[in-house]
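*Asks:* final_8.cif is reproduced below (mmCIF, C-alpha atoms).
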data_query
loop_
_atom_site.label_atom_id
_atom_site.label_comp_id
_atom_site.auth_asym_id
_atom_site.auth_seq_id
_atom_site.Cartn_x
_atom_site.Cartn_y
_atom_site.Cartn_z
CA MET P 1113 94.12 82.48 80.09
CA PRO P 1114 94.14 79.61 77.59
CA ARG P 1115 91.65 76.83 78.22
CA ASP P 1116 94.24 74.52 79.76
CA GLN P 1117 95.16 77.25 82.24
CA VAL P 1118 91.51 77.73 83.23
CA ALA P 1119 91.27 73.98 83.76
CA LEU P 1120 94.37 74.12 85.95
CA VAL P 1121 92.78 76.79 88.15
CA PHE P 1122 89.79 74.52 88.69
CA SER P 1123 92.03 71.55 89.41
CA GLN P 1124 93.98 73.58 91.97
CA GLN P 1125 90.73 74.60 93.65
CA ALA P 1126 89.74 70.92 93.71
CA GLY P 1127 92.85 70.12 95.70
CA ALA P 1128 92.22 73.02 98.08
CA CYS P 1129 88.63 71.96 98.72
CA ALA P 1130 89.67 68.37 99.36
CA ARG P 1131 92.35 69.51 101.84
CA LEU P 1132 89.83 71.76 103.60
CA GLY P 1133 87.33 68.98 104.18
CA SER P 1134 85.07 68.95 101.11
CA PRO P 1135 85.63 65.71 99.21
CA LEU P 1136 82.45 66.39 97.22
CA TYR P 1137 83.84 69.61 95.76
CA GLY P 1138 87.26 68.02 95.41
CA ALA P 1139 85.78 65.36 93.15
CA LEU P 1140 83.40 67.62 91.21
CA LEU P 1141 85.98 70.32 90.51
CA GLU P 1142 88.39 67.76 89.08
CA ARG P 1143 85.65 66.65 86.71
CA VAL P 1144 84.88 70.28 85.81
CA ALA P 1145 88.56 70.77 84.97
CA ARG P 1146 88.43 67.75 82.68
CA ASP P 1147 85.20 68.96 81.09
CA ILE P 1148 86.81 72.33 80.33
CA LYS P 1149 89.66 70.61 78.50
CA GLU P 1150 87.15 68.47 76.59
CA GLU P 1151 85.10 71.54 75.58
CA GLY P 1152 82.02 70.31 77.42
CA PRO P 1153 79.16 72.39 78.88
CA CYS P 1154 81.41 73.73 81.66
CA ALA P 1155 83.80 75.13 79.06
CA ALA P 1156 80.86 76.70 77.21
CA VAL P 1157 79.45 78.43 80.27
CA LEU P 1158 82.90 79.79 81.22
CA GLU P 1159 83.54 81.28 77.78
CA GLY P 1160 84.55 84.91 78.15
CA TYR P 1161 85.91 84.45 81.66
CA GLU P 1162 89.32 83.15 80.62
CA ASP P 1163 91.06 86.32 81.80
CA THR P 1164 89.53 86.29 85.27
CA GLY P 1165 92.22 86.65 87.93
CA HIS P 1166 92.97 84.07 90.58
CA ALA P 1167 91.71 86.41 93.31
CA ASP P 1168 88.27 86.43 91.68
CA ALA P 1169 87.79 82.77 92.69
CA LEU P 1170 86.07 81.73 89.45
CA PRO P 1171 85.72 78.06 90.52
CA LEU P 1172 83.92 79.06 93.73
CA ARG P 1173 81.62 81.35 91.79
CA MET P 1174 80.64 78.46 89.54
CA MET P 1175 80.17 76.04 92.43
CA GLY P 1176 78.01 78.60 94.23
CA ALA P 1177 75.85 78.96 91.12
CA VAL P 1178 75.23 75.24 90.88
CA HIS P 1179 74.65 74.91 94.64
CA ALA P 1180 72.01 77.64 94.34
CA LEU P 1181 70.32 75.59 91.60
CA VAL P 1182 70.20 72.67 94.04
CA LEU P 1183 68.90 74.74 96.96
CA THR P 1184 66.11 76.26 94.86
CA GLY P 1185 64.94 72.89 93.54
CA ARG P 1186 66.10 73.51 89.98
CA ALA P 1187 68.50 70.53 89.95
CA PRO P 1188 66.67 67.70 91.78
CA GLU P 1189 68.86 64.91 90.44
CA LEU P 1190 72.00 66.64 91.65
CA ALA P 1191 70.33 67.34 95.03
CA GLU P 1192 70.44 63.60 95.67
CA HIS P 1193 74.23 63.97 96.04
CA TYR P 1194 74.29 67.23 98.04
CA PRO P 1195 74.01 66.76 101.84
CA SER P 1196 72.91 70.40 102.21
CA ALA P 1197 69.74 69.48 100.29
CA GLY P 1198 69.16 66.16 102.05
CA GLY P 1199 71.23 64.11 99.62
CA VAL P 1200 74.10 61.73 100.31
CA PHE P 1201 77.73 61.94 99.21
CA ASP P 1202 79.36 58.51 98.99
CA PRO P 1203 83.14 58.82 99.42
CA GLU P 1204 83.49 55.36 97.89
CA HIS P 1205 81.99 56.72 94.67
CA PRO P 1206 83.05 60.39 94.66
CA ASP P 1207 82.14 60.93 90.98
CA ALA P 1208 78.56 59.67 91.35
CA GLY P 1209 77.11 63.18 91.20
CA TRP P 1210 79.09 64.31 88.17
CA PRO P 1211 76.55 63.37 85.44
CA ALA P 1212 73.84 65.33 87.28
CA PHE P 1213 76.20 68.27 87.84
CA ARG P 1214 77.16 68.38 84.16
CA ALA P 1215 73.50 68.14 83.15
CA ALA P 1216 72.55 71.00 85.49
CA VAL P 1217 75.20 73.28 83.98
CA ALA P 1218 74.08 72.36 80.46
CA ALA P 1219 70.43 73.03 81.32
CA GLU P 1220 70.92 76.35 83.13
CA PRO P 1221 73.79 78.24 81.42
CA ASP P 1222 72.20 81.68 81.88
CA TRP P 1223 71.73 81.07 85.61
CA VAL P 1224 75.34 79.96 86.01
CA ARG P 1225 76.72 82.88 83.99
CA ASP P 1226 74.70 85.32 86.08
CA TRP P 1227 76.30 83.93 89.25
CA LEU P 1228 79.75 84.12 87.67
CA GLU P 1229 79.38 87.90 87.90
CA ARG P 1230 79.06 87.71 91.69
CA PRO P 1231 81.97 87.61 94.13
CA PRO P 1232 81.78 84.54 96.39
CA GLN P 1233 80.55 85.71 99.78
CA THR P 1234 80.54 83.00 102.40
CA ASN P 1235 80.58 85.45 105.32
CA GLU P 1236 82.30 82.58 107.16
CA VAL P 1237 81.00 82.55 110.73
CA GLY P 1238 83.84 80.34 111.98
CA ARG P 1239 86.25 83.24 111.51
CA ALA P 1240 84.41 85.11 114.26
CA SER P 1241 86.35 82.95 116.73
CA LEU P 1242 89.56 84.81 115.77
CA LEU P 1243 87.93 88.23 115.62
CA LEU P 1244 86.30 87.79 119.03
CA ALA P 1245 89.58 86.57 120.52
CA GLY P 1246 91.27 89.70 119.19
CA LEU P 1247 88.52 91.82 120.69
CA LEU P 1248 88.91 90.24 124.13
CA TYR P 1249 92.61 91.05 123.89
CA ALA P 1250 91.95 94.64 122.77
CA VAL P 1251 89.34 95.73 125.32
CA PRO P 1252 91.13 97.46 128.21
CA THR P 1253 90.86 96.31 131.81
CA ALA P 1254 88.19 98.93 132.45
CA ALA P 1255 85.80 97.79 129.74
CA LEU P 1256 84.69 100.48 127.31
CA PRO P 1257 81.63 100.32 125.08
CA VAL P 1258 82.71 99.02 121.67
CA ARG P 1259 81.98 100.63 118.33
CA LEU P 1260 82.51 97.89 115.74
CA PHE P 1261 83.34 98.59 112.09
CA GLU P 1262 83.97 95.78 109.60
CA LEU P 1263 85.64 95.95 106.19
CA GLY P 1264 84.35 93.52 103.58
CA SER P 1265 81.37 92.62 105.73
CA SER P 1266 79.37 90.69 103.12
CA ALA P 1267 76.10 90.27 105.07
CA GLY P 1268 77.48 91.51 108.39
CA LEU P 1269 76.99 88.24 110.25
CA ASN P 1270 80.28 88.60 112.13
CA LEU P 1271 79.26 92.06 113.32
CA ARG P 1272 77.20 90.01 115.83
CA ALA P 1273 80.21 87.97 116.99
CA GLU P 1274 79.68 88.53 120.72
CA GLN P 1275 76.29 86.81 120.34
CA PHE P 1276 78.01 83.49 119.52
CA HIS P 1277 79.22 80.81 121.95
CA TYR P 1278 82.91 79.84 121.91
CA ARG P 1279 84.36 76.80 123.59
CA THR P 1280 87.08 74.20 123.90
CA PRO P 1281 87.24 71.41 126.51
CA SER P 1282 88.95 73.85 128.91
CA PHE P 1283 87.45 77.19 127.91
CA SER P 1284 84.12 78.79 127.07
CA TRP P 1285 82.81 82.29 126.49
CA GLY P 1286 79.44 83.70 125.50
CA ASN P 1287 75.84 82.63 125.75
CA PRO P 1288 75.72 78.81 125.96
CA ASP P 1289 72.22 78.89 124.44
CA SER P 1290 73.39 80.77 121.33
CA PRO P 1291 72.30 79.18 118.04
CA VAL P 1292 75.93 79.61 116.89
CA ARG P 1293 78.35 77.34 118.76
CA LEU P 1294 81.99 77.48 117.70
CA ASP P 1295 83.84 74.41 118.97
CA PRO P 1296 86.73 73.85 119.26
CA VAL P 1297 88.04 77.40 118.95
CA TRP P 1298 91.55 76.41 119.98
CA ARG P 1299 93.94 73.54 119.47
CA GLY P 1300 94.69 72.39 123.01
CA ASP P 1301 94.50 74.88 125.86
CA PRO P 1302 94.00 78.51 124.80
CA PRO P 1303 96.73 81.03 125.66
CA GLY P 1304 96.73 83.06 128.85
CA TRP P 1305 95.89 86.34 127.12
CA LEU P 1306 92.65 84.83 125.85
CA THR P 1307 91.54 83.19 129.08
CA GLU P 1308 92.42 86.36 131.00
CA GLY P 1309 90.48 88.53 128.56
CA ALA P 1310 87.50 86.20 128.80
CA ARG P 1311 87.66 86.30 132.59
CA ARG P 1312 87.80 90.10 132.66
CA HIS P 1313 85.05 90.59 130.12
CA GLN P 1314 82.37 87.95 130.52
CA THR P 1315 80.15 90.15 128.37
CA LEU P 1316 80.91 92.89 125.86
CA ARG P 1317 78.79 95.93 125.17
CA ILE P 1318 78.61 96.67 121.45
CA VAL P 1319 76.98 100.07 120.94
CA GLU P 1320 77.48 100.42 117.17
CA ARG P 1321 77.74 97.84 114.38
CA ARG P 1322 78.56 99.06 110.91
CA GLY P 1323 80.29 97.52 107.94
CA CYS P 1324 80.96 98.02 104.26
CA ASP P 1325 81.12 95.84 101.19
CA ILE P 1326 81.30 96.52 97.48
CA THR P 1327 78.29 94.23 97.00
CA PRO P 1328 76.65 93.78 100.41
CA LEU P 1329 74.11 91.04 101.04
CA ASP P 1330 70.95 91.41 103.09
CA PRO P 1331 70.82 88.30 105.31
CA LEU P 1332 67.13 88.90 105.99
CA SER P 1333 66.14 88.79 102.30
CA PRO P 1334 65.48 85.52 100.44
CA ASP P 1335 68.08 86.35 97.78
CA GLY P 1336 70.72 87.30 100.34
CA ALA P 1337 70.14 84.21 102.44
CA LEU P 1338 70.27 82.01 99.32
CA ALA P 1339 73.62 83.48 98.29
CA LEU P 1340 75.08 82.89 101.75
CA ARG P 1341 73.87 79.29 101.79
CA ALA P 1342 75.02 78.65 98.22
CA TYR P 1343 78.63 79.62 98.94
CA VAL P 1344 78.94 77.20 101.86
CA TRP P 1345 80.31 73.90 100.61
CA PRO P 1346 77.38 71.45 100.65
CA ASP P 1347 79.11 68.54 102.41
CA GLN P 1348 80.27 70.67 105.39
CA ALA P 1349 77.38 70.33 107.82
CA ASP P 1350 79.06 72.21 110.68
CA ARG P 1351 79.50 75.31 108.54
CA THR P 1352 75.89 75.07 107.38
CA ARG P 1353 74.65 74.86 110.97
CA ARG P 1354 76.74 77.88 111.98
CA LEU P 1355 75.34 79.89 109.09
CA GLU P 1356 71.75 79.00 109.92
CA GLY P 1357 72.31 80.03 113.54
CA ALA P 1358 73.90 83.31 112.46
CA LEU P 1359 70.93 84.08 110.21
CA ARG P 1360 68.61 83.64 113.20
CA ILE P 1361 70.75 86.04 115.26
CA ALA P 1362 70.83 88.56 112.41
CA ALA P 1363 67.03 88.67 112.49
CA LYS P 1364 67.19 89.84 116.13
CA VAL P 1365 70.38 91.95 116.37
CA PRO P 1366 70.52 94.89 113.92
CA ALA P 1367 73.67 95.83 112.02
CA THR P 1368 74.21 98.11 109.05
CA VAL P 1369 76.29 97.19 106.00
CA GLY P 1370 76.59 99.82 103.29
CA ALA P 1371 77.78 99.59 99.70
CA ALA P 1372 81.20 101.23 99.78
CA GLY P 1373 84.89 100.55 99.36
CA ALA P 1374 86.97 100.06 102.47
CA ALA P 1375 88.90 103.33 102.24
CA GLN P 1376 85.81 105.40 101.55
CA PHE P 1377 84.04 103.76 104.47
CA LEU P 1378 86.91 104.39 106.88
CA SER P 1379 87.20 108.02 105.84
CA GLY P 1380 83.87 108.60 107.58
CA VAL P 1381 84.88 106.92 110.85
CA GLU P 1382 86.00 109.10 113.76
CA LEU P 1383 86.91 108.14 117.31
CA GLU P 1384 84.50 108.97 120.12
CA PRO P 1385 85.52 109.70 123.72
CA GLY P 1386 84.57 107.02 126.21
CA THR P 1387 84.48 104.23 123.62
CA LEU P 1388 86.78 101.70 121.94
CA THR P 1389 86.56 101.99 118.17
CA VAL P 1390 87.40 98.66 116.53
CA VAL P 1391 88.02 98.09 112.83
CA TRP P 1392 88.21 94.45 111.86
CA HIS P 1393 88.16 92.25 108.79
CA SER P 1394 88.72 88.62 107.83
CA VAL P 1395 90.03 87.11 104.58
CA MET P 1396 89.10 90.10 102.43
CA ARG P 1397 92.44 91.79 101.78
CA GLN P 1398 93.08 89.66 98.67
CA TYR P 1399 90.02 91.16 96.97
CA VAL P 1400 91.16 94.79 97.46
CA PRO P 1401 93.45 96.41 94.83
CA ASP P 1402 96.82 97.54 96.15
CA ALA P 1403 96.09 101.25 95.58
CA GLU P 1404 92.86 100.97 97.52
CA TRP P 1405 94.60 99.11 100.35
CA ALA P 1406 97.24 101.83 100.59
CA ALA P 1407 94.40 104.28 101.23
CA VAL P 1408 92.95 101.91 103.84
CA LYS P 1409 96.29 101.87 105.66
CA ARG P 1410 96.39 105.65 105.70
CA GLU P 1411 92.95 105.75 107.28
CA LEU P 1412 93.94 103.15 109.88
CA ASP P 1413 97.07 105.19 110.69
CA ARG P 1414 94.90 108.29 111.06
CA LEU P 1415 92.64 106.56 113.58
CA ALA P 1416 95.59 105.09 115.46
CA ALA P 1417 97.27 108.52 115.73
CA ALA P 1418 94.07 110.03 117.13
CA SER P 1419 93.68 107.38 119.84
CA GLY P 1420 94.44 107.82 123.51
CA PRO P 1421 93.13 107.03 127.01
CA GLU P 1422 89.84 108.83 126.35
CA ALA P 1423 89.19 107.37 122.90
CA GLY P 1424 90.58 103.93 122.18
CA PHE P 1425 91.27 102.29 118.84
CA ALA P 1426 92.07 98.75 117.74
CA HIS P 1427 92.63 97.16 114.35
CA ILE P 1428 91.93 93.40 114.31
CA ALA P 1429 92.63 91.30 111.21
CA PHE P 1430 92.43 87.63 110.31
CA GLU P 1431 94.16 87.42 106.95
CA PRO P 1432 96.53 85.15 105.02
CA ARG P 1433 100.19 86.08 105.24
CA THR P 1434 103.60 84.58 104.65
CA VAL P 1435 105.40 83.65 107.86
CA GLY P 1436 108.95 82.62 107.06
CA GLU P 1437 108.50 80.02 104.32
CA LEU P 1438 104.95 79.14 105.42
CA HIS P 1439 101.59 80.43 104.25
CA ARG P 1440 99.41 81.08 107.28
CA PHE P 1441 96.04 82.61 108.16
CA ALA P 1442 97.00 84.90 111.02
CA LEU P 1443 95.22 86.90 113.71
CA SER P 1444 96.90 90.27 114.20
CA VAL P 1445 95.96 93.10 116.57
CA ARG P 1446 97.12 96.70 116.63
CA LEU P 1447 96.21 98.66 119.77
CA GLY P 1448 96.19 102.42 119.28
CA ARG P 1449 99.64 103.64 118.33
CA GLU P 1450 101.36 100.43 119.34
CA PRO P 1451 102.93 98.13 116.71
CA GLU P 1452 100.93 95.24 115.33
CA GLU P 1453 101.12 91.90 117.15
CA CYS P 1454 100.57 88.46 115.64
CA LEU P 1455 98.60 86.53 118.25
CA ALA P 1456 97.51 83.30 116.56
CA PHE P 1457 97.20 81.23 113.43
CA ALA P 1458 94.13 79.26 112.36
CA ALA P 1459 92.56 77.15 109.67
CA PRO P 1460 91.20 79.23 106.75
CA HIS P 1461 87.62 78.90 107.98
CA GLY P 1462 88.71 79.86 111.50
CA LEU P 1463 88.52 76.65 113.53
CA PRO P 1464 90.66 75.77 115.32
CA ALA P 1465 93.29 78.38 116.18
CA TRP P 1466 96.74 77.86 117.69
CA SER P 1467 99.50 80.02 119.11
CA PRO P 1468 102.65 80.90 117.17
CA GLY P 1469 105.21 78.20 117.91
CA GLN P 1470 102.60 75.41 118.12
CA ASP P 1471 103.07 74.35 114.48
#
Take the structure in this file and express it as structure tokens.
*Replies:*
Amino acid sequence: MPRDQVALVFSQQAGACARLGSPLYGALLERVARDIKEEGPCAAVLEGYEDTGHADALPLRMMGAVHALVLTGRAPELAEHYPSAGGVFDPEHPDAGWPAFRAAVAAEPDWVRDWLERPPQTNEVGRASLLLAGLLYAVPTAALPVRLFELGSSAGLNLRAEQFHYRTPSFSWGNPDSPVRLDPVWRGDPPGWLTEGARRHQTLRIVERRGCDITPLDPLSPDGALALRAYVWPDQADRTRRLEGALRIAAKVPATVGAAGAAQFLSGVELEPGTLTVVWHSVMRQYVPDAEWAAVKRELDRLAAASGPEAGFAHIAFEPRTVGELHRFALSVRLGREPEECLAFAAPHGLPAWSPGQD
């Protein structure tokens, strides 16, 4: 892409961050876009990445790199403007942190370029609210032990989803003492299928937790935990608290995430009698090439065809899709050989959700 096009991508991401509740990133990304056009240090550090595709989320890679500088103490002046590091963002002066941001990029180009090679991996814990809702819908009346398999797991935090607490003013599910509290999970009263599923299954028994990722993170390692923290937007305290709680749970509840593509991973999954095998994923489809996803669909069809009363199967997805003329993040569930159902829509980070027709 020409330089002006790269700047436009950053400007578009600025608007998205502002709409999704990060005025700090909204302001900084607009200044980065301007700096790219003016051939400043941001343009220099991005040299060679002009042909990066939109799905590679280049702006979020760069912002994660700089956030990591802040979290590791390598950009103390910028930390004064990052709430995640104890700083303060003043919405009356949204550009106040820009000089320190620009200086940090200029001082640490090798660090930033190294992080540009990494895919952004937020492992957004808020999306577990949709995945868990889909699971409560999928588990049959006579509860079966659940074998849970996740595509694009990142660090596997959402493989522990039943360890979180979910609530609205009229609904709650899970351990109220959980360090991860998702609230509100629904806009208004949740639908009957969710409250009924929660009533039937006040606990869930997860007997296997496995996931895959092209570049998995270890949430128990310092480097893995830093990456997870760095990709959370620094002025979104609720997301930061959810992540910290999920890291504490990960230290106590084991899960395995291997380095593999989604189709390869699924090719090794077989149904087991007396269990419900669940494959789920959230906001990862856009990072998978079409040919690879066609293979994923074949594997999902294979598992669905093999399912029956003795060996259940469910495919649960929270992914962006076009609904009519609208772009929505949708929860869909496919039970065994039945057709897929769209159960809910939600904000991109998962909270809150709402039923189709509530727009």
*Asks:* Name all residues at most 12 Å from Asp1413 (chain P) (count all atoms listed in the file; drop same-chain ones fewer than 2 positions away) and give them as a list of chain:residue names.
*Replies:*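 After dropping sequence-adjacent residues, the list is P:Ala1375, P:Leu1378, P:Ser1379, P:Val1391, P:Ala1406, P:Ala1407, P:Val1408, P:Lys1409, P:Arg1410, P:Glu1411, P:Leu1415, P:Ala1416, P:Ala1417, P:Ala1418, P:Ser1419, P:Phe1425, P:Ala1426, P:His1427, P:Arg1446, P:Leu1447, P:Gly1448, P:Arg1449, P:Glu1450, P:Pro1451, P:Glu1452.
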*Asks:* For region 1240-1290 of chain P versus region 1324-1337 of chain P, which residues have an atom no more than 7 Å away, and what is each residue's nearest atom pair and distance in Å rounded to one decimal, using only C-alpha atoms, chain-then-number order, as JSON lines?
*Replies:*
{"residue": "P:Glu1262", "atom": "CA", "partner": "P:Cys1324", "partner_atom": "CA", "distance": 6.5}
{"residue": "P:Leu1263", "atom": "CA", "partner": "P:Cys1324", "partner_atom": "CA", "distance": 5.5}
{"residue": "P:Gly1264", "atom": "CA", "partner": "P:Asp1325", "partner_atom": "CA", "distance": 4.6}
{"residue": "P:Ser1265", "atom": "CA", "partner": "P:Asp1325", "partner_atom": "CA", "distance": 5.6}
{"residue": "P:Ser1266", "atom": "CA", "partner": "P:Pro1328", "partner_atom": "CA", "distance": 4.9}
{"residue": "P:Ala1267", "atom": "CA", "partner": "P:Leu1329", "partner_atom": "CA", "distance": 4.6}
*Asks:* For the selection you just gave me, I'd like the residues written to a file as a PDB file, in the frame of the given file, keeping C-alpha atoms.
*Replies:*
ATOM      1  CA  GLU P1262      83.970  95.780 109.600  1.00  0.00           C
ATOM      2  CA  LEU P1263      85.640  95.950 106.190  1.00  0.00           C
ATOM      3  CA  GLY P1264      84.350  93.520 103.580  1.00  0.00           C
ATOM      4  CA  SER P1265      81.370  92.620 105.730  1.00  0.00           C
ATOM      5  CA  SER P1266      79.370  90.690 103.120  1.00  0.00           C
ATOM      6  CA  ALA P1267      76.100  90.270 105.070  1.00  0.00           C
TER       7      ALA P1267
END
*Asks:* Run through the PyMOL selection byres ((chain P and resi 1183) around 9) on the given coordinates and return the selected residues as number ranges by chain.
*Replies:* P: 1178-1182, 1184-1187, 1191, 1196-1197, 1338, 1341-1342
*Asks:* Under the rule that all atoms listed in the file are counted, which of P:Phe1201, P:Val1157, P:Val1344, P:Arg1397 is the nearest residue to Ala1218 (chain P)?
*Replies:* P:Val1157
*Asks:* Counting only C-alpha atoms, which of P:Arg1322, P:Arg1279, P:Arg1272, P:Arg1230 gets nearest to Ala1363 (chain P)?
*Replies:* P:Arg1272
*Asks:* By how many Å are CA of Glu1274 (chain P) and CA of Glu1422 (chain P) apart?
*Replies:*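 According to the coordinates, CA of Glu1274 (chain P) and CA of Glu1422 (chain P) are separated by 23.4 Å.
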*Asks:* Which residue, P:Gly1176, P:Pro1206, P:Pro1135, P:Pro1221, has the smallest gap to Pro1153 (chain P) when you use all atoms listed in the file?
*Replies:*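 Of all the options, P:Pro1221 lies closest to Pro1153 (chain P).
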*Asks:* Give me the residues near Arg1354 (chain P) as a list of chain:residue names, where near means some atom within 12 Å (using all atoms listed in the file) and where sequence neighbours in that chain fewer than 6 positions away do not count.
*Replies:* P:Thr1234, P:Asn1235, P:Glu1236, P:Val1237, P:Gly1238, P:Arg1239, P:Ala1240, P:Ser1241, P:Leu1269, P:Asn1270, P:Ala1273, P:Phe1276, P:His1277, P:Tyr1278, P:Ser1290, P:Pro1291, P:Val1292, P:Arg1293, P:Leu1294, P:Asp1295, P:Leu1340, P:Arg1341, P:Val1344, P:Gln1348, P:Arg1360, P:Ile1361, P:His1461, P:Leu1463
*Asks:* Suppose you want the space between CA of Phe1377 (chain P) and CA of Val1319 (chain P); what is it in Å?
*Replies:*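 Taking CA of Phe1377 (chain P) as the start and CA of Val1319 (chain P) as the end point, the length is 18.3 Å.
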*Asks:* Ranking P:Ala1465, P:Asp1350, P:Ala1459, P:Phe1261 by minimum distance to Leu1412 (chain P) and counting only C-alpha atoms, which one comes first?
*Replies:* P:Phe1261
